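To be precise, the following lines are my_file-v6.txt, and they hold compact mmCIF, C-alpha atoms.
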# COMPACT_ATOMS: atom_id res chain seq x y z
CA MET A 1 34.45 8.55 -73.64
CA ALA A 2 31.54 10.23 -72.24
CA LYS A 3 31.70 10.97 -68.61
CA ILE A 4 28.95 9.54 -66.53
CA LYS A 5 27.38 12.34 -64.68
CA LEU A 6 26.46 11.41 -61.19
CA LYS A 7 23.10 12.70 -60.31
CA ARG A 8 23.27 14.93 -57.34
CA ALA A 9 20.18 14.27 -55.40
CA GLN A 10 19.36 14.63 -51.81
CA PRO A 11 18.49 11.24 -50.44
CA HIS A 12 14.98 11.27 -49.15
CA VAL A 13 14.38 8.77 -46.42
CA ASP A 14 10.77 8.04 -45.87
CA MET A 15 10.32 8.60 -42.20
CA THR A 16 6.63 7.83 -42.02
CA PRO A 17 6.92 4.28 -40.59
CA MET A 18 9.42 5.44 -38.03
CA VAL A 19 7.19 8.27 -36.98
CA ASP A 20 4.28 5.86 -36.78
CA LEU A 21 6.22 3.60 -34.49
CA PHE A 22 7.37 6.48 -32.36
CA SER A 23 3.82 7.74 -31.98
CA LEU A 24 2.70 4.33 -30.85
CA LEU A 25 5.51 4.00 -28.34
CA LEU A 26 4.93 7.47 -27.06
CA THR A 27 1.23 6.85 -26.58
CA PHE A 28 1.97 3.58 -24.81
CA PHE A 29 4.43 5.14 -22.40
CA MET A 30 2.20 8.11 -21.74
CA LEU A 31 -0.75 5.93 -20.89
CA THR A 32 1.10 3.40 -18.75
CA ALA A 33 3.30 5.89 -16.97
CA SER A 34 3.08 5.90 -13.24
CA PHE A 35 5.76 8.19 -12.10
CA ARG A 36 8.43 7.09 -9.77
CA PRO A 37 8.07 9.24 -6.70
CA GLN A 38 11.05 11.31 -5.73
CA GLU A 39 12.35 9.83 -2.52
CA ALA A 40 14.86 11.26 -0.13
CA LYS A 41 17.21 8.31 -0.59
CA VAL A 42 17.41 5.45 -3.01
CA ILE A 43 16.07 2.38 -1.30
CA ASP A 44 16.93 -1.09 -2.49
CA SER A 45 14.06 -3.16 -1.11
CA PRO A 46 14.52 -6.80 -0.15
CA SER A 47 12.55 -9.37 -2.15
CA SER A 48 9.65 -11.53 -1.08
CA VAL A 49 6.90 -13.67 -2.57
CA SER A 50 4.13 -11.32 -1.51
CA ASP A 51 2.15 -9.95 -4.42
CA LYS A 52 -0.01 -7.48 -2.60
CA ALA A 53 0.27 -4.08 -4.24
CA THR A 54 1.42 -1.11 -2.25
CA PRO A 55 -1.47 1.12 -1.28
CA ASP A 56 -0.84 4.40 -3.05
CA LYS A 57 -3.08 6.64 -1.05
CA ASP A 58 -3.56 7.04 2.68
CA VAL A 59 -0.13 5.81 3.58
CA ILE A 60 2.24 6.95 6.24
CA SER A 61 5.59 5.63 5.14
CA VAL A 62 8.87 5.48 6.89
CA LEU A 63 12.03 4.98 4.88
CA VAL A 64 15.07 3.37 6.39
CA SER A 65 18.09 3.86 4.19
CA LYS A 66 21.21 1.74 3.85
CA ASP A 67 23.10 3.93 6.30
CA ASP A 68 20.30 3.64 8.88
CA LYS A 69 18.83 7.06 8.34
CA VAL A 70 15.12 7.43 8.87
CA PHE A 71 12.82 9.47 6.66
CA PHE A 72 9.16 10.20 7.01
CA ASN A 73 6.50 10.60 4.38
CA MET A 74 2.77 11.10 4.31
CA ASP A 75 0.48 11.60 1.36
CA ASN A 76 -2.40 13.98 0.97
CA GLY A 77 -4.96 11.20 1.15
CA LYS A 78 -7.53 9.90 -1.29
CA ASP A 79 -9.25 13.22 -1.40
CA THR A 80 -6.30 15.45 -2.22
CA SER A 81 -8.29 18.54 -1.29
CA ALA A 82 -7.84 17.49 2.32
CA HIS A 83 -4.20 18.60 2.08
CA PHE A 84 -3.03 16.46 4.97
CA ARG A 85 0.56 17.52 4.50
CA ASN A 86 -0.32 21.19 4.80
CA GLN A 87 -2.43 20.51 7.85
CA LEU A 88 0.35 18.46 9.39
CA ILE A 89 3.02 21.09 8.96
CA THR A 90 0.71 23.88 10.12
CA LYS A 91 0.05 21.95 13.28
CA ILE A 92 3.70 21.13 13.94
CA ASN A 93 4.57 24.73 13.15
CA ASP A 94 2.13 26.04 15.74
CA ILE A 95 3.12 23.64 18.46
CA TYR A 96 6.87 23.68 18.05
CA HIS A 97 7.21 27.33 16.97
CA LEU A 98 9.13 26.65 13.80
CA SER A 99 8.11 30.12 12.48
CA LEU A 100 7.52 28.87 8.95
CA ASN A 101 5.98 31.27 6.47
CA GLU A 102 3.24 30.61 3.92
CA LYS A 103 5.70 29.76 1.20
CA GLU A 104 7.55 27.21 3.29
CA ILE A 105 4.31 25.54 4.34
CA LYS A 106 3.33 25.29 0.69
CA ALA A 107 6.73 23.83 -0.17
CA PHE A 108 6.22 21.16 2.47
CA GLY A 109 2.75 20.41 1.15
CA GLN A 110 4.16 19.63 -2.28
CA GLY A 111 7.20 17.73 -1.10
CA SER A 112 7.64 14.06 -0.44
CA SER A 113 9.78 12.16 2.04
CA PHE A 114 12.01 14.16 4.31
CA GLY A 115 14.24 13.56 7.25
CA MET A 116 15.98 16.17 9.34
CA PRO A 117 15.85 17.47 12.89
CA LEU A 118 12.82 19.70 13.46
CA LYS A 119 14.99 22.74 14.01
CA ASN A 120 16.48 22.44 10.51
CA LEU A 121 13.14 22.13 8.79
CA LYS A 122 12.79 25.85 8.09
CA ALA A 123 16.21 26.06 6.48
CA TYR A 124 15.41 22.99 4.39
CA LEU A 125 12.08 24.30 3.14
CA SER A 126 13.40 27.75 2.24
CA GLU A 127 16.47 26.38 0.43
CA GLU A 128 16.17 26.61 -3.34
CA ASP A 129 19.27 24.73 -4.42
CA ALA A 130 18.47 21.06 -4.97
CA GLY A 131 21.99 19.89 -4.11
CA LYS A 132 22.07 21.71 -0.79
CA LYS A 133 18.56 20.50 -0.08
CA GLU A 134 19.67 16.92 -0.47
CA ALA A 135 22.63 17.45 1.80
CA MET A 136 20.22 18.63 4.49
CA GLN A 137 18.37 15.30 4.43
CA VAL A 138 20.28 13.78 7.29
CA GLY A 139 17.46 11.65 8.63
CA ILE A 140 15.13 12.07 11.57
CA PRO A 141 17.29 11.88 14.70
CA MET A 142 16.43 8.55 16.28
CA ASP A 143 18.36 9.22 19.47
CA THR A 144 15.53 11.54 20.43
CA VAL A 145 13.27 8.53 21.00
CA GLY A 146 12.36 8.46 24.65
CA THR A 147 13.39 12.06 25.29
CA GLN A 148 11.19 15.11 25.72
CA TYR A 149 10.88 15.67 21.97
CA PRO A 150 10.86 12.26 20.30
CA GLU A 151 10.76 13.57 16.75
CA LEU A 152 9.59 10.51 14.83
CA GLU A 153 6.87 10.00 17.42
CA ILE A 154 5.72 13.58 16.95
CA TRP A 155 5.40 13.12 13.20
CA VAL A 156 3.64 9.78 13.52
CA ALA A 157 1.29 10.96 16.24
CA TYR A 158 0.09 14.03 14.36
CA ALA A 159 -0.08 12.22 11.04
CA ARG A 160 -2.25 9.53 12.63
CA GLU A 161 -4.44 12.14 14.23
CA LEU A 162 -5.05 13.83 10.88
CA ASN A 163 -5.58 10.65 8.93
CA PRO A 164 -6.58 7.81 11.24
CA THR A 165 -7.28 5.41 8.38
CA ALA A 166 -3.77 5.66 6.98
CA GLU A 167 -1.78 2.47 6.77
CA VAL A 168 1.82 2.34 7.83
CA ALA A 169 4.41 1.21 5.32
CA ILE A 170 8.02 0.59 6.18
CA ASN A 171 10.34 0.89 3.23
CA GLY A 172 13.63 -0.46 4.45
CA ASP A 173 16.79 -1.05 2.50
CA ALA A 174 17.90 -4.67 2.39
CA GLU A 175 21.21 -3.69 3.97
CA ALA A 176 19.70 -1.54 6.72
CA ASN A 177 20.16 -2.72 10.26
CA TYR A 178 17.21 -4.46 11.82
CA LYS A 179 17.94 -2.50 14.98
CA THR A 180 16.85 0.73 13.31
CA VAL A 181 13.79 -0.85 11.75
CA LYS A 182 12.90 -2.27 15.14
CA LYS A 183 13.21 1.16 16.70
CA VAL A 184 10.83 2.54 14.09
CA MET A 185 8.41 -0.30 14.75
CA ASP A 186 8.61 0.32 18.48
CA VAL A 187 7.74 3.97 17.94
CA MET A 188 4.79 2.90 15.80
CA GLN A 189 3.64 0.40 18.38
CA SER A 190 3.76 3.03 21.07
CA LYS A 191 1.29 4.89 18.88
CA ASN A 192 -0.90 1.78 18.60
CA VAL A 193 0.11 0.73 15.13
CA ASN A 194 0.55 -3.02 15.10
CA LYS A 195 0.07 -3.76 11.45
CA PHE A 196 2.90 -2.94 9.11
CA ASN A 197 3.34 -3.11 5.38
CA LEU A 198 6.92 -3.96 4.58
CA VAL A 199 7.74 -2.78 1.08
CA THR A 200 9.41 -5.53 -0.95
CA ASN A 201 10.14 -6.52 -4.51
CA LEU A 202 8.25 -9.42 -5.94
CA GLN A 203 10.34 -12.50 -6.54
CA LYS A 204 8.38 -15.62 -7.35
CA GLU A 205 9.41 -18.64 -5.39
CA GLU A 206 7.48 -21.70 -4.55
CA ALA A 207 8.09 -24.78 -2.51
CA THR A 208 6.94 -28.11 -3.91
CA LEU A 209 6.46 -31.52 -2.42
CA ASP A 210 9.93 -32.47 -3.66
CA ASP A 211 11.41 -30.04 -1.20
CA LEU A 212 10.02 -32.17 1.58
CA LYS A 213 12.17 -35.12 0.70
CA MET B 1 10.45 25.04 -38.66
CA ALA B 2 8.60 22.56 -40.76
CA GLU B 3 8.84 23.57 -44.38
CA ILE B 4 7.23 22.23 -47.42
CA ILE B 5 9.81 21.34 -49.98
CA GLU B 6 8.58 21.59 -53.47
CA SER B 7 10.57 20.47 -56.41
CA SER B 8 11.51 23.31 -58.64
CA GLY B 9 9.59 24.01 -61.82
CA SER B 10 5.91 24.53 -61.52
CA GLY B 11 3.30 23.22 -63.87
CA LYS B 12 3.97 22.88 -67.58
CA LYS B 13 2.14 24.87 -70.05
CA GLU B 14 -0.15 22.72 -72.11
CA GLY B 15 -2.34 24.18 -74.65
CA GLY B 16 -2.20 27.48 -72.90
CA ARG B 17 -3.68 26.10 -69.71
CA ARG B 18 -1.66 25.78 -66.61
CA VAL B 19 -1.90 22.32 -65.25
CA PRO B 20 -0.43 21.99 -61.78
CA LYS B 21 1.99 19.12 -61.56
CA LYS B 22 0.80 16.34 -59.30
CA MET B 23 3.23 15.70 -56.53
CA GLY B 24 3.32 14.76 -52.91
CA ALA B 25 4.09 17.51 -50.51
CA HIS B 26 7.20 16.55 -48.62
CA ILE B 27 7.11 17.65 -45.04
CA ASP B 28 10.36 17.75 -43.20
CA MET B 29 9.63 15.55 -40.23
CA THR B 30 13.02 15.75 -38.54
CA PRO B 31 12.03 18.18 -35.77
CA MET B 32 8.94 16.16 -34.98
CA VAL B 33 10.97 12.97 -34.79
CA ASP B 34 13.47 14.72 -32.56
CA LEU B 35 10.78 15.80 -30.20
CA MET B 36 9.22 12.36 -30.13
CA CYS B 37 12.57 10.75 -29.37
CA LEU B 38 13.00 13.11 -26.46
CA LEU B 39 9.54 12.47 -25.10
CA ILE B 40 9.89 8.71 -25.41
CA THR B 41 13.20 8.79 -23.61
CA PHE B 42 11.69 10.92 -20.89
CA PHE B 43 8.74 8.62 -20.35
CA MET B 44 10.88 5.51 -20.48
CA LEU B 45 13.20 6.78 -17.81
CA THR B 46 10.59 8.14 -15.45
CA THR B 47 8.15 5.26 -15.62
CA ALA B 48 8.15 2.89 -12.69
CA PHE B 49 7.34 -0.44 -14.24
CA SER B 50 7.37 -2.83 -11.35
CA LYS B 51 5.20 -1.38 -8.68
CA PRO B 52 6.63 -2.28 -5.30
CA LYS B 53 4.73 -4.90 -3.38
CA VAL B 54 4.13 -5.07 0.31
CA MET B 55 4.33 -7.84 2.82
CA GLU B 56 1.91 -7.48 5.62
CA ILE B 57 3.04 -8.22 9.11
CA THR B 58 1.19 -7.87 12.35
CA MET B 59 3.29 -7.48 15.43
CA PRO B 60 2.16 -8.75 18.82
CA GLU B 61 0.60 -5.92 20.73
CA LYS B 62 2.77 -4.37 23.38
CA ASP B 63 0.75 -4.98 26.47
CA THR B 64 2.21 -3.66 29.65
CA GLN B 65 -0.46 -5.41 31.69
CA VAL B 66 0.90 -8.86 30.97
CA ASP B 67 2.88 -10.39 33.77
CA GLU B 68 4.27 -13.86 34.39
CA LYS B 69 0.92 -15.25 35.42
CA ASN B 70 -1.27 -14.34 32.48
CA ALA B 71 1.36 -14.35 29.77
CA PRO B 72 0.18 -16.36 26.80
CA LYS B 73 1.17 -20.01 27.13
CA VAL B 74 2.32 -21.96 24.12
CA ALA B 75 2.99 -25.66 23.89
CA ALA B 76 6.74 -26.24 23.97
CA ASP B 77 6.58 -29.29 21.74
CA ARG B 78 5.31 -27.30 18.80
CA THR B 79 7.31 -24.15 19.32
CA TYR B 80 10.53 -23.41 17.47
CA SER B 81 12.78 -20.41 17.79
CA ILE B 82 14.70 -19.02 14.87
CA LEU B 83 17.63 -16.89 15.88
CA LEU B 84 19.12 -14.41 13.45
CA THR B 85 22.39 -12.60 13.51
CA ALA B 86 24.81 -10.75 11.22
CA ASP B 87 25.93 -12.07 7.82
CA ASP B 88 22.64 -13.89 7.16
CA LYS B 89 23.40 -16.54 9.73
CA VAL B 90 20.44 -18.51 11.00
CA TYR B 91 20.19 -20.71 14.07
CA TRP B 92 17.24 -22.56 15.43
CA TYR B 93 16.15 -24.71 18.33
CA TRP B 94 13.12 -26.69 19.37
CA HIS B 95 11.54 -25.75 22.65
CA GLY B 96 10.81 -29.41 23.22
CA ASP B 97 14.57 -29.95 23.52
CA VAL B 98 14.88 -27.62 26.44
CA ALA B 99 15.54 -29.50 29.66
CA GLU B 100 12.93 -29.44 32.39
CA GLY B 101 13.04 -26.33 34.52
CA GLN B 102 15.17 -24.48 31.99
CA THR B 103 14.11 -21.75 29.58
CA PHE B 104 16.89 -22.13 27.05
CA PRO B 105 18.55 -25.13 25.43
CA ALA B 106 22.19 -26.07 25.89
CA THR B 107 23.02 -25.81 22.20
CA ILE B 108 21.42 -24.48 19.05
CA ASN B 109 21.46 -25.75 15.48
CA LYS B 110 22.91 -23.88 12.55
CA THR B 111 21.18 -23.61 9.20
CA ASP B 112 21.04 -21.21 6.27
CA PHE B 113 18.63 -19.52 3.89
CA SER B 114 19.08 -22.03 1.10
CA LYS B 115 16.42 -24.40 -0.18
CA ASP B 116 17.86 -27.30 1.76
CA GLY B 117 18.39 -25.25 4.86
CA LEU B 118 15.67 -23.43 6.69
CA ARG B 119 13.05 -24.19 4.06
CA LYS B 120 13.41 -27.92 4.46
CA ILE B 121 13.28 -27.76 8.23
CA LEU B 122 10.16 -25.63 8.19
CA LEU B 123 8.46 -27.77 5.57
CA LYS B 124 9.13 -30.92 7.55
CA LYS B 125 7.60 -29.40 10.66
CA ASN B 126 4.61 -28.15 8.73
CA GLU B 127 4.26 -31.17 6.45
CA LYS B 128 0.58 -31.83 6.96
CA VAL B 129 -0.66 -28.33 6.30
CA PHE B 130 1.75 -27.78 3.45
CA THR B 131 0.83 -31.01 1.63
CA GLU B 132 -2.85 -30.28 2.00
CA ILE B 133 -2.53 -26.76 0.63
CA PHE B 134 -0.19 -27.88 -2.13
CA GLU B 135 -2.60 -30.56 -3.31
CA LEU B 136 -5.48 -28.12 -3.24
CA LYS B 137 -3.52 -25.63 -5.34
CA GLU B 138 -2.51 -28.37 -7.79
CA LYS B 139 -6.12 -29.39 -8.23
CA VAL B 140 -7.12 -25.82 -8.99
CA LYS B 141 -4.20 -25.46 -11.39
CA LYS B 142 -5.14 -28.61 -13.28
CA GLY B 143 -8.76 -27.56 -13.45
CA GLU B 144 -10.07 -30.51 -11.44
CA LEU B 145 -11.49 -28.07 -9.01
CA VAL B 146 -12.99 -24.77 -10.00
CA MET B 147 -12.65 -22.09 -7.41
CA ILE B 148 -12.44 -18.35 -7.43
CA ASP B 149 -9.40 -16.80 -5.82
CA ASP B 150 -11.26 -15.53 -2.80
CA SER B 151 -12.70 -18.85 -1.82
CA LEU B 152 -9.38 -20.55 -2.50
CA ASN B 153 -7.66 -18.15 -0.14
CA ALA B 154 -10.36 -18.69 2.46
CA GLN B 155 -9.92 -22.44 2.11
CA ILE B 156 -6.15 -22.12 2.55
CA LYS B 157 -6.68 -20.03 5.63
CA ARG B 158 -8.99 -22.69 7.01
CA ILE B 159 -6.45 -25.44 6.41
CA LYS B 160 -3.77 -23.38 8.12
CA LYS B 161 -5.95 -22.94 11.17
CA SER B 162 -7.21 -26.50 11.26
CA ASP B 163 -3.95 -28.21 12.24
CA LYS B 164 -3.64 -28.06 15.98
CA LYS B 165 -0.14 -29.51 15.82
CA ALA B 166 1.25 -26.99 13.34
CA PRO B 167 4.49 -25.36 14.43
CA ILE B 168 4.66 -22.03 16.16
CA ILE B 169 7.69 -20.06 15.10
CA LEU B 170 9.32 -17.37 17.18
CA ILE B 171 11.61 -15.14 15.17
CA LYS B 172 14.31 -13.48 17.20
CA ALA B 173 16.95 -11.18 15.83
CA ASP B 174 19.95 -9.74 17.60
CA GLU B 175 21.38 -6.24 17.26
CA LYS B 176 23.62 -7.03 14.30
CA THR B 177 20.93 -8.51 12.07
CA LYS B 178 20.29 -6.94 8.70
CA TYR B 179 16.74 -6.07 7.75
CA LYS B 180 17.03 -8.41 4.78
CA SER B 181 17.30 -11.46 7.04
CA ILE B 182 14.09 -10.64 8.86
CA VAL B 183 12.24 -10.20 5.59
CA SER B 184 13.66 -13.49 4.30
CA VAL B 185 12.48 -15.39 7.36
CA VAL B 186 9.00 -13.92 7.27
CA ASP B 187 8.94 -14.70 3.57
CA GLU B 188 9.90 -18.28 4.31
CA MET B 189 6.82 -18.49 6.56
CA ALA B 190 4.67 -17.48 3.61
CA ILE B 191 6.33 -20.01 1.31
CA CYS B 192 5.94 -22.83 3.83
CA ASN B 193 2.37 -21.86 4.74
CA ILE B 194 3.10 -21.43 8.40
CA ALA B 195 0.26 -19.63 10.09
CA ASN B 196 1.66 -19.00 13.53
CA TYR B 197 4.74 -16.91 13.82
CA ALA B 198 5.80 -13.79 15.62
CA ILE B 199 8.78 -11.51 15.74
CA VAL B 200 9.76 -11.26 19.38
CA ASP B 201 12.62 -9.78 21.36
CA ILE B 202 15.73 -11.83 21.81
CA ALA B 203 16.83 -12.79 25.30
CA PRO B 204 20.41 -12.10 26.45
CA GLU B 205 20.84 -15.85 27.04
CA GLU B 206 20.04 -16.49 23.40
CA VAL B 207 22.58 -13.92 22.27
CA ALA B 208 25.14 -15.83 24.32
CA LEU B 209 24.02 -19.08 22.68
CA ILE B 210 24.59 -17.58 19.24
CA GLU B 211 28.09 -16.54 20.24
CA LYS B 212 28.88 -20.02 21.49
CA ALA B 213 27.37 -21.71 18.43
CA PRO B 214 29.58 -23.10 15.65
CA LYS B 215 30.39 -20.43 13.12
For this file, produce the structure as structure tokens.
Amino acid sequence: MAKIKLKRAQPHVDMTPMVDLFSLLLTFFMLTASFRPQEAKVIDSPSSVSDKATPDKDVISVLVSKDDKVFFNMDNGKDTSAHFRNQLITKINDIYHLSLNEKEIKAFGQGSSFGMPLKNLKAYLSEEDAGKKEAMQVGIPMDTVGTQYPELEIWVAYARELNPTAEVAINGDAEANYKTVKKVMDVMQSKNVNKFNLVTNLQKEEATLDDLK
Amino acid sequence: MAEIIESSGSGKKEGGRRVPKKMGAHIDMTPMVDLMCLLITFFMLTTAFSKPKVMEITMPEKDTQVDEKNAPKVAADRTYSILLTADDKVYWYWHGDVAEGQTFPATINKTDFSKDGLRKILLKKNEKVFTEIFELKEKVKKGELVMIDDSLNAQIKRIKKSDKKAPIILIKADEKTKYKSIVSVVDEMAICNIANYAIVDIAPEEVALIEKAPK
């Protein structure tokens, strides 16, 4: 009997449709991408029915984490050439003699939310290691409120001076204590901010007439 | 990396002329696909799909000039206090229940964040405004009334302001309250279309009332 010779052939899978699909997906994601900003702590926002979008420019935001640590953030404004963050740190540096160098000021300008005592700011900005940097984010000391150097007040006051049109957003974790949030609000109110944007997740809910019965 | 794989054996000789064999050039697309996979994964993971929303809240201005005499007066019979404490517990009382000459009631009522709890109480108190706004919204939904969003919102605002008997809610939270509770209550105000509410400081007497209240 004749042996059937199996044809040795390399299987050729036509990858064109797959590549097509991938290109489409890639284009979609690239165009819709709005990057998640790197925050000092992961915040799990409470939910509400409000559907007003977060303003993405001209915001002074205060983060309150689950363990009641407070972080501060400010953006560079609509016109990014204004470099509010650089101006802010230069000012704080001059007034509180933090002796930051050019490089550290630049690092602050490019950073996002932060929270540490003022005296540790230099060490934080010059640190290269990301892990150590994160460990240094211990929150803005809130027990300084009402003392000679109320740190959160200092940040808020100078940030407001630089960008008076900025809105204030409070990004609190659902499990944070109201006490801390209240303290933050009190600091803001002492700086004449009475309107707050509380960051929440949208969760549709509606009451109907049946609920009345 | 990409290579063009040609099958072996070039054109056949035909009548002395070399005729190139017709064939599709096969491009090895594996590296390209690899790269695309990586990029897609990267974009998928870094994209923030649901943009966070914000709830606006305006706090009463801290005015040090206000004393007993010119403090804002509110009608007791339309004012309700909602007291918050740890573990999402909610208590409330009506200022109309407070005995003459007293500032605080003898007891407070317990409720919760469910649909039949706080929501129902608030809706009952705000029935007139809520029904009016609800009917207006229904009409717009059904197409009986054509309105652009802006004018609809203005109309809702007007209805909210028009009722001079609408409840005034004072939200008071003690030291142990979680931030979530405050947001839930303020949210409840939005759901029930209550126009007048404020987050105010809790009085020590009210903290004592919460402690005495049924658990």
Under the rule of at most 9 Å, produce a per-residue listing of chain B near chain A: chain, number, name, the closest pair of atoms, and the distance in Å, as a tab-separated table, using only C-alpha atoms.
residue	atom	partner	partner_atom	distance
B:Met29	CA	A:Met15	CA	7.3
B:Thr30	CA	A:Met15	CA	8.5
B:Met32	CA	A:Val19	CA	8.3
B:Val33	CA	A:Val19	CA	6.4
B:Met36	CA	A:Phe22	CA	6.6
B:Cys37	CA	A:Phe22	CA	7.4
B:Leu39	CA	A:Leu26	CA	7.1
B:Ile40	CA	A:Leu26	CA	5.4
B:Phe43	CA	A:Phe29	CA	5.9
B:Met44	CA	A:Phe29	CA	6.7
B:Thr46	CA	A:Phe35	CA	5.9
B:Thr47	CA	A:Ala33	CA	5.1
B:Ala48	CA	A:Arg36	CA	5.1
B:Phe49	CA	A:Ser34	CA	7.7
B:Ser50	CA	A:Asn201	CA	8.3
B:Lys51	CA	A:Ala53	CA	7.2
B:Pro52	CA	A:Asn201	CA	5.6
B:Lys53	CA	A:Ala53	CA	4.6
B:Val54	CA	A:Val199	CA	4.3
B:Met55	CA	A:Leu198	CA	5.0
B:Glu56	CA	A:Asn197	CA	4.6
B:Ile57	CA	A:Phe196	CA	5.3
B:Thr58	CA	A:Lys195	CA	4.4
B:Met59	CA	A:Asn194	CA	5.2
B:Pro60	CA	A:Asn194	CA	7.0
B:Glu61	CA	A:Asn194	CA	6.3
B:Lys62	CA	A:Gln189	CA	7.0
B:Lys115	CA	A:Asp211	CA	7.6
B:Asp116	CA	A:Asp211	CA	7.6
B:Arg119	CA	A:Asp211	CA	8.0
B:Lys120	CA	A:Leu212	CA	6.2
B:Ile121	CA	A:Leu212	CA	8.6
B:Leu123	CA	A:Leu212	CA	6.1
B:Lys124	CA	A:Leu212	CA	6.2
B:Glu127	CA	A:Leu212	CA	7.6
B:Phe130	CA	A:Leu209	CA	8.4
B:Thr131	CA	A:Leu209	CA	7.0
B:Phe134	CA	A:Thr208	CA	7.4
B:Ala173	CA	A:Tyr178	CA	7.8
B:Asp174	CA	A:Lys179	CA	8.0
B:Glu175	CA	A:Lys179	CA	5.6
B:Lys176	CA	A:Asn177	CA	6.8
B:Thr177	CA	A:Tyr178	CA	5.5
B:Lys178	CA	A:Asn177	CA	4.5
B:Tyr179	CA	A:Tyr178	CA	4.4
B:Lys180	CA	A:Ala174	CA	4.5
B:Ser181	CA	A:Ala174	CA	8.3
B:Ile182	CA	A:Tyr178	CA	7.5
B:Val183	CA	A:Pro46	CA	7.1
B:Ser184	CA	A:Ser48	CA	7.0
B:Val186	CA	A:Ser48	CA	8.7
B:Asp187	CA	A:Ser48	CA	5.7
B:Glu188	CA	A:Ser48	CA	8.6
B:Ala190	CA	A:Val49	CA	7.6
B:Ile191	CA	A:Glu206	CA	6.2
B:Cys192	CA	A:Ala207	CA	7.0
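The residue set within 8 Å of stretch 105-107 of chain A, counting all atoms listed in the file and dropping same-chain residues fewer than 2 places from it, reads Asn86, Ile89, Thr90, Leu100, Asn101, Glu102, Lys103, Gly109, Gln110, Gly111 and Leu125 of chain A.
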query: What separation in Å, quoted to one decimal, exists between atom CA of B:Pro214 and atom CA of B:Val200?
result: 23.4 Å
Contacts of stretch 210-212 of chain B within 8 Å, all atoms listed in the file, excl. fewer than 2 positions in-chain, as a ChimeraX atom specification: /B:83,85,91,108,206-208,214
Can you pull out every residue within 9 Å of A:Ser99, counting only C-alpha atoms, but drop anything in the same chain fewer than 5 positions away, and send it as a short mmCIF file (atom, residue, chain, number, x, y, z; two decimals) with C-alpha atoms, keeping the file's coordinate frame?
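Wrote selection20.cif, looks like this:
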data_model
loop_
_atom_site.label_atom_id
_atom_site.label_comp_id
_atom_site.auth_asym_id
_atom_site.auth_seq_id
_atom_site.Cartn_x
_atom_site.Cartn_y
_atom_site.Cartn_z
CA ASN A 93 4.57 24.73 13.15
CA ASP A 94 2.13 26.04 15.74
CA LYS A 122 12.79 25.85 8.09
#
field: Atomic distance atom CA of B:Ile199 - atom CA of B:Leu136, expressed in Å with one decimal
entry: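 These two atoms are separated by 29.0 Å.
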Within 8 Å of (13.9, 15.0, 10.0) (coordinates as in the file), grab all the protein and nucleic acid residues, counting only C-alpha atoms, and write them out as a PDB file with C-alpha atoms, keeping the file's coordinate frame.
ATOM      1  CA  VAL A  70      15.120   7.430   8.870  1.00  0.00           C
ATOM      2  CA  PHE A  71      12.820   9.470   6.660  1.00  0.00           C
ATOM      3  CA  PHE A  72       9.160  10.200   7.010  1.00  0.00           C
ATOM      4  CA  PHE A 114      12.010  14.160   4.310  1.00  0.00           C
ATOM      5  CA  GLY A 115      14.240  13.560   7.250  1.00  0.00           C
ATOM      6  CA  MET A 116      15.980  16.170   9.340  1.00  0.00           C
ATOM      7  CA  PRO A 117      15.850  17.470  12.890  1.00  0.00           C
ATOM      8  CA  LEU A 118      12.820  19.700  13.460  1.00  0.00           C
ATOM      9  CA  ASN A 120      16.480  22.440  10.510  1.00  0.00           C
ATOM     10  CA  LEU A 121      13.140  22.130   8.790  1.00  0.00           C
ATOM     11  CA  GLN A 137      18.370  15.300   4.430  1.00  0.00           C
ATOM     12  CA  VAL A 138      20.280  13.780   7.290  1.00  0.00           C
ATOM     13  CA  GLY A 139      17.460  11.650   8.630  1.00  0.00           C
ATOM     14  CA  ILE A 140      15.130  12.070  11.570  1.00  0.00           C
ATOM     15  CA  PRO A 141      17.290  11.880  14.700  1.00  0.00           C
ATOM     16  CA  GLU A 151      10.760  13.570  16.750  1.00  0.00           C
ATOM     17  CA  LEU A 152       9.590  10.510  14.830  1.00  0.00           C
TER      18      LEU A 152
END
task: Show which residues sit within 9 Å of A:Tyr158, as an MDAnalysis selection string. Count only C-alpha atoms, and ignore same-chain residues fewer than 5 positions away.
output: chainID A and resid 88 91:92 153 163
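Straight-line separation from atom CA of A:Gly77 to atom CA of A:Met136: 26.5 Å.
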Can you sort out the box for stretch 105-123 of chain B, edges along x, y and z, all listed atoms in, 3 Å on every side, with centre and edge lengths in Å to one decimal, as AutoDock Vina command-line options?
--center_x 15.7 --center_y -23.7 --center_z 12.9 --size_x 20.6 --size_y 14.4 --size_z 32.1
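Among A:Ser65, A:Ser81, A:Thr147, A:Asn73, the residue with the shortest atom-to-atom distance to A:Ala159, counting all atoms listed in the file, is A:Asn73.
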query: B:Asp97: which residues within 12 Å, counting all atoms listed in the file, same-chain residues fewer than 3 positions away excluded, as a VMD selection string?
result: chain B and resid 76 to 81 92 to 94 100 to 109
